[in-house]
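J.: So here's entry.cif (mmCIF, C-alpha atoms and all ligand atoms).
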data_target
#
loop_
_atom_site.label_atom_id
_atom_site.label_comp_id
_atom_site.auth_asym_id
_atom_site.auth_seq_id
_atom_site.Cartn_x
_atom_site.Cartn_y
_atom_site.Cartn_z
CA MET A 1 -24.46 2.25 15.64
CA GLY A 2 -22.79 5.56 16.39
CA LYS A 3 -19.70 4.53 14.47
CA HIS A 4 -20.27 7.23 11.90
CA ASP A 5 -20.95 9.94 14.45
CA LYS A 6 -17.31 10.03 15.48
CA GLN A 7 -16.00 11.92 12.47
CA PRO A 8 -12.47 13.24 12.86
CA ASN A 9 -12.20 17.02 12.71
CA ALA A 10 -10.29 16.95 9.45
CA LEU A 11 -13.27 15.32 7.80
CA SER A 12 -15.79 17.93 8.88
CA GLU A 13 -13.50 20.65 7.46
CA ARG A 14 -13.70 19.13 4.00
CA GLU A 15 -16.42 20.48 1.77
CA HIS A 16 -17.30 17.05 0.40
CA VAL A 17 -17.10 14.24 2.91
CA ALA A 18 -18.91 11.38 1.19
CA TRP A 19 -20.01 10.26 -2.24
CA ILE A 20 -22.93 8.90 -4.16
CA PHE A 21 -22.06 6.89 -7.26
CA GLN A 22 -24.83 6.59 -9.81
CA GLY A 23 -25.36 3.71 -12.22
CA ASN A 24 -27.82 3.28 -15.08
CA PRO A 25 -29.50 -0.15 -15.20
CA ASP A 26 -30.27 0.32 -18.91
CA LEU A 27 -26.53 0.34 -19.64
CA TYR A 28 -25.15 -1.96 -16.98
CA LYS A 29 -26.62 -4.83 -14.92
CA ILE A 30 -26.17 -3.06 -11.60
CA ASP A 31 -28.33 -5.42 -9.52
CA GLU A 32 -26.54 -8.48 -10.79
CA TYR A 33 -23.18 -6.79 -10.20
CA LEU A 34 -23.89 -5.96 -6.55
CA ALA A 35 -25.44 -9.36 -5.94
CA SER A 36 -22.59 -11.35 -7.41
CA TYR A 37 -19.62 -9.24 -6.28
CA PRO A 38 -20.62 -8.41 -2.69
CA GLU A 39 -17.02 -8.27 -1.45
CA TRP A 40 -15.44 -5.58 -3.61
CA ILE A 41 -16.87 -3.45 -6.40
CA TYR A 42 -15.64 -0.76 -8.78
CA TRP A 43 -17.48 2.31 -9.97
CA SER A 44 -16.34 4.72 -12.64
CA ALA A 45 -15.75 8.29 -11.59
CA ASN A 46 -15.63 11.21 -14.00
CA ARG A 47 -15.35 14.06 -11.50
CA TYR A 48 -14.06 14.84 -7.96
CA ILE A 49 -11.11 12.62 -8.96
CA SER A 50 -8.61 14.33 -6.66
CA GLU A 51 -11.05 14.58 -3.74
CA ILE A 52 -12.15 10.97 -3.40
CA LYS A 53 -10.07 9.39 -0.62
CA ILE A 54 -9.62 5.96 0.89
CA GLY A 55 -11.97 5.51 3.83
CA ASP A 56 -14.61 7.92 2.50
CA ARG A 57 -18.19 6.87 3.08
CA THR A 58 -19.95 5.99 -0.16
CA PHE A 59 -23.43 5.15 -1.42
CA ILE A 60 -24.62 3.58 -4.66
CA TRP A 61 -27.60 5.07 -6.48
CA ARG A 62 -29.59 3.22 -9.11
CA ALA A 63 -31.02 5.49 -11.82
CA GLY A 64 -34.11 4.67 -13.89
CA LYS A 65 -37.59 3.64 -12.91
CA ASP A 66 -36.70 2.03 -9.56
CA SER A 67 -34.28 4.75 -8.62
CA GLY A 68 -32.82 5.22 -5.19
CA LEU A 69 -30.04 4.21 -2.84
CA ILE A 70 -29.21 0.52 -3.06
CA ALA A 71 -25.88 0.11 -1.28
CA SER A 72 -23.43 1.70 1.12
CA GLY A 73 -19.75 1.13 1.67
CA LYS A 74 -16.29 2.62 1.93
CA ILE A 75 -13.70 3.69 -0.61
CA VAL A 76 -10.79 1.26 -0.61
CA GLU A 77 -9.04 2.29 -3.85
CA GLU A 78 -8.74 5.89 -4.97
CA PRO A 79 -9.58 6.80 -8.61
CA MET A 80 -7.36 4.77 -10.88
CA GLU A 81 -6.97 3.74 -14.50
CA GLU A 82 -8.85 0.57 -15.30
CA THR A 83 -5.55 -1.21 -15.97
CA GLY A 84 -4.22 -0.36 -12.50
CA VAL A 85 -6.98 -1.67 -10.25
CA LYS A 86 -6.23 -4.32 -7.63
CA PHE A 87 -8.83 -6.88 -8.71
CA PRO A 88 -9.52 -6.48 -12.47
CA LYS A 89 -11.94 -9.42 -12.41
CA ALA A 90 -14.15 -7.57 -9.94
CA LEU A 91 -14.74 -4.84 -12.56
CA GLY A 92 -17.60 -7.08 -13.75
CA LYS A 93 -17.05 -6.14 -17.39
CA GLU A 94 -19.28 -9.00 -18.55
CA LEU A 95 -22.32 -7.17 -17.18
CA TRP A 96 -22.39 -4.29 -19.67
CA ILE A 97 -25.53 -4.26 -21.76
CA GLY A 98 -24.34 -3.68 -25.29
CA GLN A 99 -21.34 -1.37 -25.66
CA GLU A 100 -19.20 -0.61 -22.66
CA GLY A 101 -19.26 3.04 -23.67
CA GLU A 102 -16.90 5.78 -22.66
CA SER A 103 -16.70 4.80 -18.99
CA ARG A 104 -13.75 2.56 -19.84
CA HIS A 105 -11.65 5.71 -20.09
CA ASP A 106 -12.84 6.99 -16.72
CA LYS A 107 -11.02 6.38 -13.48
CA HIS A 108 -12.28 3.54 -11.34
CA VAL A 109 -12.90 3.66 -7.62
CA GLY A 110 -12.72 0.54 -5.46
CA ILE A 111 -15.48 0.15 -2.86
CA ILE A 112 -16.12 -2.46 -0.16
CA PRO A 113 -19.89 -2.60 0.27
CA ASP A 114 -21.20 -3.01 3.82
CA SER A 115 -24.90 -3.13 3.01
CA ILE A 116 -26.60 -4.06 -0.26
CA ARG A 117 -30.34 -3.43 -0.56
CA LEU A 118 -31.65 -3.93 -4.07
CA LEU A 119 -35.34 -3.91 -3.19
CA PRO A 120 -37.58 -1.81 -0.93
CA GLU A 121 -38.10 -4.91 1.23
CA ASP A 122 -34.30 -5.10 1.63
CA GLY A 123 -34.30 -1.51 2.94
CA MET A 124 -33.38 0.43 -0.19
CA ILE A 125 -34.29 4.13 -0.03
CA SER A 126 -36.36 5.24 -2.99
CA ARG A 127 -35.79 8.52 -4.79
CA SER A 128 -39.16 9.86 -3.58
CA ILE A 129 -38.01 9.63 0.05
CA ILE A 130 -34.74 11.46 -0.67
CA LYS A 131 -36.56 14.06 -2.76
CA ALA A 132 -39.04 14.79 0.04
CA ASP A 133 -36.29 15.17 2.62
CA PRO A 134 -35.63 18.82 3.57
CA VAL A 135 -31.86 18.31 3.70
CA LEU A 136 -31.22 15.73 0.98
CA GLY A 137 -33.88 16.94 -1.47
CA LYS A 138 -31.56 19.79 -2.45
CA ASN A 139 -28.67 17.50 -3.37
CA HIS A 140 -27.67 17.33 -7.03
CA ILE A 141 -28.62 13.66 -7.19
CA ILE A 142 -32.20 15.02 -7.12
CA THR A 143 -31.87 18.46 -8.71
CA VAL A 144 -29.18 17.88 -11.38
CA PRO A 145 -28.98 14.08 -11.66
CA GLN A 146 -26.66 13.94 -14.67
CA GLY A 147 -23.28 12.41 -13.95
CA ARG A 148 -21.82 9.46 -12.13
CA VAL A 149 -20.49 10.99 -8.92
CA PHE A 150 -22.27 13.25 -6.48
CA SER A 151 -20.85 14.74 -3.33
CA LEU A 152 -22.35 14.95 0.14
CA SER A 153 -21.64 17.61 2.72
CA TYR A 154 -21.15 16.68 6.37
CA VAL A 155 -24.75 17.67 7.16
CA GLU A 156 -26.12 15.70 4.22
CA LEU A 157 -24.09 12.64 5.16
CA ASN A 158 -25.41 12.67 8.74
CA ARG A 159 -28.97 12.90 7.51
CA LEU A 160 -28.44 10.14 4.98
CA GLU A 161 -26.84 7.85 7.58
CA GLU A 162 -29.87 8.40 9.79
CA LEU A 163 -32.29 7.43 6.99
CA TRP A 164 -30.11 4.48 5.99
CA ARG A 165 -30.05 3.18 9.57
CA ASN A 166 -33.80 3.58 9.91
CA CYS A 167 -34.42 1.61 6.73
CA GLN A 168 -32.12 -1.21 7.77
CA ILE A 169 -33.90 -4.54 7.69
CA ASP A 170 -32.55 -6.96 10.24
CA ALA A 171 -32.30 -10.27 8.45
CA GLY A 172 -30.65 -12.12 11.29
CA SER A 173 -27.13 -10.82 11.00
CA PRO A 174 -25.78 -7.35 11.66
CA ASP A 175 -24.24 -5.00 9.11
CA ILE A 176 -20.71 -5.33 10.42
CA ASP A 177 -17.86 -3.01 9.49
CA PRO A 178 -16.30 -5.12 6.72
CA THR A 179 -12.91 -3.43 7.02
CA ASP A 180 -12.41 -4.78 10.56
CA THR A 181 -10.68 -8.05 9.81
CA GLU A 182 -10.31 -10.47 6.96
CA GLY A 183 -12.52 -12.96 8.77
CA THR A 184 -15.41 -10.60 9.35
CA LYS A 185 -15.12 -9.34 5.81
CA ARG A 186 -15.48 -12.83 4.42
CA LEU A 187 -18.33 -13.66 6.75
CA CYS A 188 -20.16 -10.49 5.70
CA ALA A 189 -19.73 -11.31 2.03
CA HIS A 190 -20.96 -14.83 2.73
CA TRP A 191 -24.13 -13.55 4.37
CA ARG A 192 -24.71 -11.05 1.63
CA ARG A 193 -24.50 -13.76 -1.01
CA GLU A 194 -26.90 -15.97 0.86
CA ARG A 195 -29.32 -13.14 1.61
CA SER A 196 -29.35 -11.78 -1.90
CA ARG A 197 -32.94 -12.17 -3.08
CA PHE A 198 -31.69 -11.52 -6.57
CA LEU A 199 -29.38 -14.56 -6.62
CA GLY A 200 -31.87 -16.65 -4.66
CA LYS A 201 -34.55 -16.01 -7.24
CA LEU A 202 -32.23 -16.91 -10.14
CA LYS A 203 -31.11 -20.07 -8.35
CA LYS A 204 -34.69 -21.21 -7.74
CA GLU A 205 -35.65 -20.56 -11.36
CA GLU A 206 -32.69 -22.57 -12.58
CA PHE A 207 -33.40 -25.36 -10.10
CA ARG A 208 -37.02 -25.62 -11.25
CA GLN A 209 -35.91 -25.77 -14.87
CA ILE A 210 -33.57 -28.64 -14.15
CA HIS A 211 -35.55 -30.61 -11.54
CA GLY A 212 -39.14 -29.56 -12.19
CA ALA A 213 -39.63 -28.54 -8.55
CA LEU A 214 -37.59 -27.32 -5.60
CA HIS A 215 -36.08 -29.77 -3.16
CA CYS A 216 -33.51 -29.57 -0.39
CA GLU A 217 -30.10 -30.74 -1.59
CA VAL A 218 -29.39 -32.07 1.88
CA CYS A 219 -32.51 -33.86 3.15
CA ALA A 220 -34.42 -34.05 -0.18
CA LEU A 221 -37.55 -32.38 1.25
CA SER A 222 -39.64 -31.32 -1.75
CA GLU A 223 -41.70 -28.16 -2.11
CA LYS A 224 -44.59 -30.34 -3.28
CA THR A 225 -45.01 -32.12 0.01
CA PRO A 226 -46.03 -31.75 2.76
CA TYR A 227 -46.44 -27.96 2.65
CA PRO A 228 -49.25 -26.25 0.73
CA ALA A 229 -48.05 -24.90 -2.61
CA GLU A 230 -48.20 -21.25 -1.55
CA PHE A 231 -45.74 -21.89 1.31
CA GLY A 232 -43.57 -24.36 -0.54
CA SER A 233 -41.02 -22.10 -2.19
CA ARG A 234 -40.61 -19.95 0.93
CA ILE A 235 -39.05 -22.70 3.02
CA PHE A 236 -36.04 -22.94 0.69
CA GLU A 237 -32.91 -20.85 0.98
CA VAL A 238 -29.61 -20.71 -0.82
CA HIS A 239 -26.38 -21.74 0.85
CA HIS A 240 -23.02 -20.60 -0.52
CA ILE A 241 -20.85 -23.67 -0.87
CA SER A 242 -17.51 -22.31 -2.08
CA PRO A 243 -14.95 -22.59 0.68
CA LEU A 244 -14.49 -19.04 1.91
CA ALA A 245 -11.07 -19.50 3.42
CA GLU A 246 -9.51 -20.41 0.09
CA ALA A 247 -10.91 -17.47 -1.84
CA GLN A 248 -8.16 -15.35 -3.37
CA GLY A 249 -9.51 -11.82 -3.73
CA PRO A 250 -13.13 -11.00 -4.50
CA GLN A 251 -14.90 -13.87 -6.25
CA LYS A 252 -17.96 -13.69 -8.44
CA THR A 253 -20.87 -15.73 -7.08
CA LYS A 254 -22.04 -18.18 -9.71
CA LEU A 255 -25.31 -20.07 -9.40
CA SER A 256 -23.25 -23.27 -9.21
CA ASP A 257 -21.69 -21.91 -5.99
CA LEU A 258 -25.10 -21.98 -4.38
CA ALA A 259 -26.95 -24.99 -2.99
CA LEU A 260 -30.68 -25.07 -2.48
CA VAL A 261 -31.46 -26.16 1.08
CA CYS A 262 -34.49 -26.14 3.34
CA ALA A 263 -34.48 -23.67 6.22
CA ASN A 264 -33.96 -26.45 8.76
CA CYS A 265 -30.94 -27.92 7.05
CA HIS A 266 -29.54 -24.43 6.52
CA ARG A 267 -29.69 -23.75 10.26
CA ALA A 268 -27.99 -27.05 10.92
CA ILE A 269 -25.25 -26.38 8.36
CA HIS A 270 -24.45 -23.11 10.13
CA ALA A 271 -24.70 -24.55 13.63
CA THR A 272 -20.90 -24.51 13.90
CA LYS A 273 -18.12 -22.84 11.93
CA GLU A 274 -17.27 -26.11 10.17
CA VAL A 275 -19.87 -25.38 7.50
CA GLU A 276 -18.44 -27.63 4.81
CA GLN A 277 -18.07 -30.66 7.07
CA ASN A 278 -21.52 -30.04 8.51
CA MET A 279 -23.08 -30.11 5.08
CA LEU A 280 -21.35 -33.37 4.11
CA ARG A 281 -22.26 -34.99 7.41
CA LEU A 282 -25.92 -33.98 7.12
CA LYS A 283 -26.09 -35.15 3.54
CA LYS A 284 -24.84 -38.58 4.57
CA LEU A 285 -27.27 -38.76 7.46
CA LEU A 286 -30.36 -37.44 5.73
CA ALA A 287 -30.11 -38.30 2.05
CA LYS A 288 -32.87 -40.62 0.96
ZN ZN A 301 -33.27 -30.06 4.17
ZN ZN A 302 -25.44 -20.99 4.34
#
Could I get this file's structure written as structure tokens?
T.:
Amino acid sequence: MGKHDKQPNALSEREHVAWIFQGNPDLYKIDEYLASYPEWIYWSANRYISEIKIGDRTFIWRAGKDSGLIASGKIVEEPMEETGVKFPKALGKELWIGQEGESRHDKHVGIIPDSIRLLPEDGMISRSIIKADPVLGKNHIITVPQGRVFSLSYVELNRLEELWRNCQIDAGSPDIDPTDTEGTKRLCAHWRRERSRFLGKLKKEEFRQIHGALHCEVCALSEKTPYPAEFGSRIFEVHHISPLAEAQGPQKTKLSDLALVCANCHRAIHATKEVEQNMLRLKKLLAK
């Protein structure tokens, strides 16, 4: 808290101090992109090219029927040709629906997300809330919503940060500044992968298709017993198994990187930092 209140003077003298990047879910699988690349994302920018600076506060806006703010973060790469970006794989080009369109020729901005909220229950802020706000309701994202980049004034940014903080859902781990250290950054990305309801839902669907029902991959507890059916699926969580320390640059989360575990085993796996060893040890102890 309060981190964003300490704006340097130079920032408050700029006309535009922060950005909203808009994406259209009919053209690009935005939810899947944010869920599977929680460490580092790219957005195309077709205006304000010379004004967008490293360190600028940034929000992601989903257009369409569930429109609103779904992520926040910081600029880490200034607008750049697609061929020049640091992590080309993180462009997520496989997630275009149909033709990639003209955005390929736009500049791309690198962003480290620090909070991803795809659903209202994750703390996303719907368009209706922004529209009703006396300060933010006048922003172009509401009044002239065509385009991919929208600017925020200092006053608008402060108001938006306030709303964003108020809508934060505490899911057991804080929204840490991901630019602090490599370690924290990786830990944040790890949490975000595991807390992504989007990926969790896909993983459970796949698991049911393969195994018929959910069970813990550590202790073998099944959703069918002993819990009543309506509680069954809620006691399972996903655990990200790829070794974080070895990751070279932002990695896409695949369903095969996730293990289905019961809440108890998940706690135990994370009891110490030696997550991988913990999981192996528990599997040996508990497997039936
Ligand atoms: Zn278990
Ligand atoms: Zn885990």
J.: May I have the residues within 9 Å of Lys86 (chain A) as a list in words, using all atoms listed in the file and disregarding those fewer than 2 positions away in the same chain?
T.: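 With the cut-off at 9 Å, the set is Glu77, Thr83, Gly84, Pro88, Ala90 and Gly110 of chain A.
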J.: Hey, can you spit out that residue selection with C-alpha atoms as an mmCIF file, in the frame of the given file?
T.:
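Written file, out-v5.cif:
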data_model
loop_
_atom_site.group_PDB
_atom_site.id
_atom_site.type_symbol
_atom_site.label_atom_id
_atom_site.label_comp_id
_atom_site.auth_asym_id
_atom_site.auth_seq_id
_atom_site.Cartn_x
_atom_site.Cartn_y
_atom_site.Cartn_z
ATOM 1 C CA GLU A 77 -9.040 2.290 -3.850
ATOM 2 C CA THR A 83 -5.550 -1.210 -15.970
ATOM 3 C CA GLY A 84 -4.220 -0.360 -12.500
ATOM 4 C CA PRO A 88 -9.520 -6.480 -12.470
ATOM 5 C CA ALA A 90 -14.150 -7.570 -9.940
ATOM 6 C CA GLY A 110 -12.720 0.540 -5.460
#
J.: If you count only C-alpha atoms and all ligand atoms, which residues end up within 10 Å of ligand ZN 301 (chain A), as a PyMOL selection string?
T.: chain A and resi 215-222+235-237+260-269+282-283+286-287
J.: Find the residues around Gly200 (chain A) up to 12 Å (all atoms listed in the file counted), leave out those fewer than 2 positions away in its own chain, and share them as an MDAnalysis selection string.
T.: chainID A and resid 32 35:36 192:198 202:207 233:234 236:240 253:261
J.: If we count only C-alpha atoms, what is near Lys65 (chain A) at a cut-off of 12 Å, once residues fewer than 4 positions away on the same chain are taken out, given as number ranges by chain?
T.: A: 24-26, 61, 126-128
J.: Give as a list of chain:residue names each residue that has an atom at most 12 Å from (-15.5, 9.8, -20.0) in the file, counting all atoms listed in the file.
T.: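 Residues close enough to count: A:Ser44, A:Ala45, A:Asn46, A:Arg47, A:Glu81, A:Glu100, A:Gly101, A:Glu102, A:Ser103, A:Arg104, A:His105, A:Asp106, A:Lys107, A:His108, A:Gly147, A:Arg148.
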